[in-house]
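What follows is the content of upload.txt, which has compact mmCIF, C-alpha atoms:
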# COMPACT_ATOMS: atom_id res chain seq x y z
CA GLU E 1 -12.60 -14.14 1.17
CA PRO E 2 -9.72 -14.54 -1.33
CA GLU E 3 -6.28 -13.65 -0.01
CA VAL E 4 -2.85 -12.78 -1.30
CA THR E 5 -0.41 -15.18 0.34
CA GLN E 6 3.22 -14.28 0.95
CA THR E 7 6.06 -16.51 2.10
CA PRO E 8 8.16 -16.47 4.14
CA SER E 9 6.76 -14.10 6.76
CA HIS E 10 10.28 -13.27 7.95
CA GLN E 11 13.61 -13.76 6.23
CA VAL E 12 17.03 -12.99 7.62
CA THR E 13 19.88 -12.91 5.14
CA GLN E 14 23.54 -11.94 5.00
CA MET E 15 24.52 -8.85 3.08
CA GLY E 16 25.42 -9.78 -0.50
CA GLN E 17 23.21 -12.87 -0.57
CA GLU E 18 20.35 -13.39 -2.99
CA VAL E 19 16.79 -13.64 -1.67
CA ILE E 20 13.54 -14.64 -3.32
CA LEU E 21 10.27 -13.43 -1.87
CA ARG E 22 7.21 -15.39 -2.93
CA CYS E 23 3.60 -14.42 -3.44
CA VAL E 24 0.45 -16.15 -4.59
CA PRO E 25 -1.92 -13.45 -5.90
CA ILE E 26 -5.67 -13.84 -6.14
CA SER E 27 -6.38 -16.12 -9.07
CA ASN E 28 -8.65 -13.92 -11.20
CA HIS E 29 -6.66 -10.72 -10.72
CA LEU E 30 -4.73 -9.32 -13.66
CA TYR E 31 -2.34 -6.77 -12.18
CA PHE E 32 0.41 -7.63 -9.72
CA TYR E 33 2.61 -5.37 -7.62
CA TRP E 34 5.46 -5.29 -5.17
CA TYR E 35 5.69 -2.53 -2.59
CA ARG E 36 8.02 -2.09 0.33
CA GLN E 37 7.82 -0.27 3.64
CA ILE E 38 10.95 0.65 5.56
CA LEU E 39 10.18 0.92 9.28
CA GLY E 40 8.48 4.22 10.04
CA GLN E 41 8.32 5.29 6.40
CA LYS E 42 5.77 5.32 3.60
CA VAL E 43 4.68 2.30 1.64
CA GLU E 44 6.67 2.67 -1.60
CA PHE E 45 5.95 1.26 -5.02
CA LEU E 46 8.57 -1.01 -6.54
CA VAL E 47 7.10 -2.60 -9.66
CA SER E 48 3.90 -3.53 -11.45
CA PHE E 49 3.42 -6.57 -13.66
CA TYR E 50 0.72 -7.15 -16.24
CA ASN E 51 0.34 -9.56 -19.12
CA ASN E 52 3.55 -11.36 -18.15
CA GLU E 53 5.78 -8.34 -18.27
CA ILE E 54 6.83 -5.37 -16.16
CA SER E 55 4.47 -2.48 -16.88
CA GLU E 56 6.03 0.11 -14.58
CA LYS E 57 8.92 0.29 -12.13
CA SER E 58 10.18 2.89 -9.70
CA GLU E 59 13.66 4.31 -9.33
CA ILE E 60 14.16 1.91 -6.41
CA PHE E 61 13.74 -1.10 -8.71
CA ASP E 62 17.25 -1.18 -10.13
CA ASP E 63 19.23 -4.03 -11.72
CA GLN E 64 19.47 -5.82 -8.37
CA PHE E 65 15.73 -6.52 -8.47
CA SER E 66 13.77 -8.81 -10.76
CA VAL E 67 10.27 -10.25 -10.84
CA GLU E 68 8.82 -13.40 -12.34
CA ARG E 69 5.52 -15.12 -12.68
CA PRO E 70 6.88 -18.54 -13.55
CA ASP E 71 3.79 -20.73 -13.49
CA GLY E 72 0.64 -18.61 -13.67
CA SER E 73 0.05 -18.66 -9.93
CA ASN E 74 3.25 -17.60 -8.16
CA PHE E 75 4.74 -14.11 -8.38
CA THR E 76 8.28 -13.67 -7.08
CA LEU E 77 10.60 -10.80 -6.26
CA LYS E 78 14.31 -11.54 -6.38
CA ILE E 79 16.96 -9.32 -4.88
CA ARG E 80 20.27 -10.38 -6.35
CA SER E 81 22.78 -9.01 -3.86
CA THR E 82 21.13 -7.68 -0.73
CA LYS E 83 22.28 -4.52 1.01
CA LEU E 84 21.60 -3.37 4.56
CA GLU E 85 19.20 -0.73 3.21
CA ASP E 86 17.04 -3.43 1.61
CA SER E 87 15.79 -4.31 5.11
CA ALA E 88 12.05 -3.61 5.00
CA MET E 89 8.60 -5.15 4.85
CA TYR E 90 7.86 -6.25 1.31
CA PHE E 91 4.21 -6.41 0.29
CA CYS E 92 2.79 -8.16 -2.72
CA ALA E 93 -0.55 -6.93 -4.05
CA SER E 94 -2.90 -7.92 -6.82
CA ARG E 95 -5.73 -5.96 -8.37
CA LYS E 96 -8.98 -6.42 -10.18
CA GLY E 97 -10.81 -3.29 -11.34
CA ASP E 98 -9.96 0.27 -10.40
CA TYR E 99 -9.89 -0.09 -6.64
CA GLY E 100 -9.72 -3.79 -5.85
CA TYR E 101 -6.16 -3.90 -4.55
CA THR E 102 -5.54 -6.73 -2.11
CA PHE E 103 -2.29 -6.77 -0.18
CA GLY E 104 -0.59 -9.74 1.39
CA SER E 105 0.59 -9.72 5.00
CA GLY E 106 4.14 -9.05 3.90
CA THR E 107 7.61 -10.53 4.23
CA ARG E 108 9.86 -8.89 6.74
CA LEU E 109 13.35 -8.90 5.24
CA THR E 110 16.27 -8.32 7.58
CA VAL E 111 19.72 -7.96 6.02
CA VAL E 112 22.60 -8.39 8.48
CA GLN L 1 9.16 13.06 -3.65
CA LYS L 2 6.48 14.60 -1.45
CA GLU L 3 3.55 13.70 -3.67
CA VAL L 4 1.28 12.78 -0.77
CA GLU L 5 1.52 14.34 2.68
CA GLN L 6 -0.13 12.94 5.78
CA ASP L 7 0.35 13.90 9.40
CA PRO L 8 1.71 10.77 11.14
CA GLY L 9 0.17 11.67 14.50
CA PRO L 10 -0.10 9.86 16.81
CA LEU L 11 -3.75 10.67 17.38
CA SER L 12 -5.41 9.52 20.59
CA VAL L 13 -9.16 9.93 21.17
CA PRO L 14 -11.77 8.59 23.59
CA GLU L 15 -14.30 6.02 22.49
CA GLY L 16 -17.26 7.64 20.74
CA ALA L 17 -15.29 10.61 19.40
CA ILE L 18 -15.39 11.76 15.78
CA VAL L 19 -12.01 11.28 14.14
CA SER L 20 -10.80 13.33 11.19
CA LEU L 21 -7.85 12.12 9.12
CA ASN L 22 -6.46 14.12 6.22
CA CYS L 23 -4.03 14.06 3.33
CA THR L 24 -2.86 16.63 0.85
CA TYR L 25 -1.33 15.92 -2.50
CA SER L 26 0.47 17.78 -5.23
CA ASN L 27 -0.23 15.83 -8.44
CA SER L 28 -3.41 17.04 -10.13
CA ALA L 29 -3.44 13.86 -12.25
CA PHE L 30 -4.58 11.76 -9.28
CA GLN L 31 -8.13 10.57 -9.84
CA TYR L 32 -8.67 7.57 -7.58
CA PHE L 33 -8.45 8.02 -3.83
CA MET L 34 -8.36 5.32 -1.19
CA TRP L 35 -8.04 4.87 2.52
CA TYR L 36 -6.35 1.82 3.95
CA ARG L 37 -6.15 0.53 7.49
CA GLN L 38 -2.95 -1.18 8.59
CA TYR L 39 -2.35 -3.12 11.76
CA SER L 40 1.16 -3.59 13.07
CA ARG L 41 3.30 -5.72 10.76
CA LYS L 42 0.34 -6.50 8.48
CA GLY L 43 -0.53 -5.48 4.96
CA PRO L 44 -2.78 -2.50 4.18
CA GLU L 45 -6.49 -3.34 4.04
CA LEU L 46 -8.80 -1.28 1.82
CA LEU L 47 -11.34 0.68 3.84
CA MET L 48 -12.89 3.27 1.51
CA TYR L 49 -12.46 4.52 -2.02
CA THR L 50 -13.71 7.44 -4.08
CA TYR L 51 -13.31 8.58 -7.64
CA SER L 52 -12.58 12.25 -8.34
CA SER L 53 -14.29 14.81 -6.07
CA GLY L 54 -17.17 14.19 -3.70
CA ASN L 55 -18.25 12.29 -0.65
CA LYS L 56 -18.82 8.64 0.07
CA GLU L 57 -20.32 7.16 3.20
CA ASP L 58 -20.11 3.59 4.46
CA GLY L 59 -21.48 2.98 7.93
CA ARG L 60 -19.42 4.99 10.42
CA PHE L 61 -16.91 6.05 7.75
CA THR L 62 -17.10 9.01 5.36
CA ALA L 63 -14.50 9.79 2.72
CA GLN L 64 -14.29 13.23 1.13
CA VAL L 65 -12.24 14.44 -1.80
CA ASP L 66 -11.73 18.10 -2.73
CA LYS L 67 -9.71 18.10 -5.93
CA SER L 68 -9.66 21.89 -6.17
CA SER L 69 -7.76 22.02 -2.87
CA LYS L 70 -5.93 18.71 -3.43
CA TYR L 71 -7.20 17.55 -0.05
CA ILE L 72 -8.82 14.32 1.05
CA SER L 73 -10.35 13.36 4.38
CA LEU L 74 -11.62 10.33 6.22
CA PHE L 75 -14.11 10.79 9.07
CA ILE L 76 -14.84 8.07 11.59
CA ARG L 77 -17.99 8.57 13.67
CA ASP L 78 -18.59 6.90 17.03
CA SER L 79 -15.01 5.63 17.10
CA GLN L 80 -14.36 2.28 18.77
CA PRO L 81 -11.23 0.80 20.36
CA SER L 82 -11.21 -1.69 17.47
CA ASP L 83 -10.60 1.29 15.12
CA SER L 84 -7.13 1.66 16.65
CA ALA L 85 -4.70 1.18 13.75
CA THR L 86 -2.63 3.16 11.27
CA TYR L 87 -4.68 4.78 8.51
CA LEU L 88 -3.01 5.30 5.15
CA CYS L 89 -4.28 7.45 2.35
CA ALA L 90 -3.39 6.31 -1.15
CA MET L 91 -4.10 7.63 -4.60
CA ARG L 92 -3.39 6.92 -8.23
CA ARG L 93 -3.60 8.45 -11.66
CA GLY L 94 -6.26 7.50 -14.15
CA SER L 95 -4.02 5.18 -16.17
CA THR L 96 -4.65 1.45 -16.08
CA LEU L 97 -1.21 0.70 -14.64
CA GLY L 98 -2.40 1.54 -11.18
CA ARG L 99 0.69 2.52 -9.22
CA LEU L 100 -0.43 3.71 -5.78
CA TYR L 101 1.14 6.67 -3.99
CA PHE L 102 0.77 6.41 -0.23
CA GLY L 103 0.81 8.89 2.60
CA ARG L 104 2.95 8.12 5.59
CA GLY L 105 -0.02 6.95 7.66
CA THR L 106 -1.66 8.35 10.80
CA GLN L 107 -1.48 6.19 13.91
CA LEU L 108 -4.83 6.27 15.72
CA THR L 109 -5.58 5.02 19.23
CA VAL L 110 -9.15 4.97 20.52
CA TRP L 111 -9.21 4.43 24.26
CA PRO L 112 -12.25 3.06 26.15

Would you encode the structure as structure tokens?
Amino acid sequence: EPEVTQTPSHQVTQMGQEVILRCVPISNHLYFYWYRQILGQKVEFLVSFYNNEISEKSEIFDDQFSVERPDGSNFTLKIRSTKLEDSAMYFCASRKGDYGYTFGSGTRLTVV
Amino acid sequence: QKEVEQDPGPLSVPEGAIVSLNCTYSNSAFQYFMWYRQYSRKGPELLMYTYSSGNKEDGRFTAQVDKSSKYISLFIRDSQPSDSATYLCAMRRGSTLGRLYFGRGTQLTVWP
């Protein structure tokens, strides 16, 4: 069964450093997403990406965040200057159709 | 924003019990309703989905949506220890953008 692949599975970074989280969505999907889940809290929407541009973003997705789909297969989330409160699980998802969301296993980001 | 409310539990039942999981929501624009299962430190996995009001059955699982009450349910019959996980409700509006709004998740343990 096709999978969404995320790397790395765990990333530890110093506060103020830049991080790039990587995702390979399912190849025939058209919509791509980043969500995050702070420990013990809800899964929260960050951004959606369609037709090579951001289609929607949440209030969390401020100027410190950016997304790219540089080569037609990878989908990346960059956090420019990490804060302690950015520590969370970050999930990439892709979608085909109304319900066909597939989530990756996540990247656990720890900011120290 | 408390768009989707879900009792986090934990819920602990014996093997073979019927489990009832529920969510309420406030946004009447939600049209697509989903249930996800999430194991510890893994991504959400789609379990069931329904459109608008009504019931849907798949094996031991039944999903119900009551839009008039803004209430959705997931029933698990003949529960098994392998059903032990966190169950997340999720929903979205009818637009194509597809941002999902999640409940907090209910942690379920089925003991033998």

Item to check | Separation of CA of Leu21 in chain L from CA of Gly103 in chain L in Å | outcome: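 CA of Gly103 in chain L sits 11.3 Å away from CA of Leu21 in chain L.
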
Counting all atoms listed in the file, chain L residues within 8 Å of chain E, as a PDB file with C-alpha atoms, in the coordinates of the input:
ATOM      1  CA  TYR L  32      -8.670   7.570  -7.580  1.00  0.00           C
ATOM      2  CA  MET L  34      -8.360   5.320  -1.190  1.00  0.00           C
ATOM      3  CA  ARG L  41       3.300  -5.720  10.760  1.00  0.00           C
ATOM      4  CA  LYS L  42       0.340  -6.500   8.480  1.00  0.00           C
ATOM      5  CA  GLY L  43      -0.530  -5.480   4.960  1.00  0.00           C
ATOM      6  CA  PRO L  44      -2.780  -2.500   4.180  1.00  0.00           C
ATOM      7  CA  GLU L  45      -6.490  -3.340   4.040  1.00  0.00           C
ATOM      8  CA  LEU L  46      -8.800  -1.280   1.820  1.00  0.00           C
ATOM      9  CA  TYR L  49     -12.460   4.520  -2.020  1.00  0.00           C
ATOM     10  CA  THR L  96      -4.650   1.450 -16.080  1.00  0.00           C
ATOM     11  CA  LEU L  97      -1.210   0.700 -14.640  1.00  0.00           C
ATOM     12  CA  GLY L  98      -2.400   1.540 -11.180  1.00  0.00           C
ATOM     13  CA  ARG L  99       0.690   2.520  -9.220  1.00  0.00           C
ATOM     14  CA  LEU L 100      -0.430   3.710  -5.780  1.00  0.00           C
ATOM     15  CA  TYR L 101       1.140   6.670  -3.990  1.00  0.00           C
ATOM     16  CA  PHE L 102       0.770   6.410  -0.230  1.00  0.00           C
ATOM     17  CA  GLY L 103       0.810   8.890   2.600  1.00  0.00           C
ATOM     18  CA  ARG L 104       2.950   8.120   5.590  1.00  0.00           C
ATOM     19  CA  GLY L 105      -0.020   6.950   7.660  1.00  0.00           C
TER      20      GLY L 105
END

Item to check | Coordinates-based distance that separates CA of Ile79 in chain E from CA of Ile54 in chain E (Å, one decimal) | outcome: 15.7 Å

Next on the checklist: Show me, as a PyMOL selection string, the residues that have an atom within 9 Å of range 69-71 of chain L when counting only C-alpha atoms, minus same-chain residues fewer than 5 positions from it.
Outcome noted: chain L and resi 22-28+64

Keeping only C-alpha atoms, take the residues you just selected and write them out as a CSV table (one decimal), keeping the file's coordinate frame.
chain,number,residue,atom,x,y,z
L,22,ASN,CA,-6.5,14.1,6.2
L,23,CYS,CA,-4.0,14.1,3.3
L,24,THR,CA,-2.9,16.6,0.8
L,25,TYR,CA,-1.3,15.9,-2.5
L,26,SER,CA,0.5,17.8,-5.2
L,27,ASN,CA,-0.2,15.8,-8.4
L,28,SER,CA,-3.4,17.0,-10.1
L,64,GLN,CA,-14.3,13.2,1.1

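Here CA of Phe30 in chain L is placed at a distance of 13.7 Å from CA of Glu5 in chain L.
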
Item to check | Which residue of E:Ser27, E:Ser94, E:Asn52, E:Gln17 approaches Lys78 in chain E most closely, using only C-alpha atoms | outcome: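 Nearest to Lys78 in chain E: E:Gln17.
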
Next on the checklist: List the spatial neighbours of Pro14 in chain L as an MDAnalysis selection string - criterion: any atom at most 12 Å away, all atoms listed in the file, same-chain residues fewer than 2 positions off excluded.
Outcome noted: chainID L and resid 11:12 16:19 77:84 108:112

Checklist entry - So which one's closest to Thr76 in chain E, E:Arg22, E:Met15, E:Lys96, E:Thr5? Using all atoms listed in the file, please. => result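 Ranked by minimum distance to Thr76 in chain E, first place goes to E:Arg22.
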
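Residues within 9 Å of Asp86 in chain E, counting only C-alpha atoms and excluding same-chain residues fewer than 3 positions away, are E:Ile38, E:Ile79, E:Thr82, E:Lys83, E:Leu109, E:Thr110, E:Val111.
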
Item to check | Ser66 in chain E environment, 9 Å, only C-alpha atoms, sequence neighbours closer than 2 positions dropped, as a ChimeraX atom specification | outcome: /E:61-64,68,76-80

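Close contacts of Arg37 in chain L, defined as residues with an atom at most 7 Å away when counting all atoms listed in the file, with chain neighbours fewer than 2 positions off set aside, comprise Trp35, Tyr39, Pro44, Glu45, Leu46, Leu47, Ala85, Thr86, Tyr87 and Leu88 of chain L.
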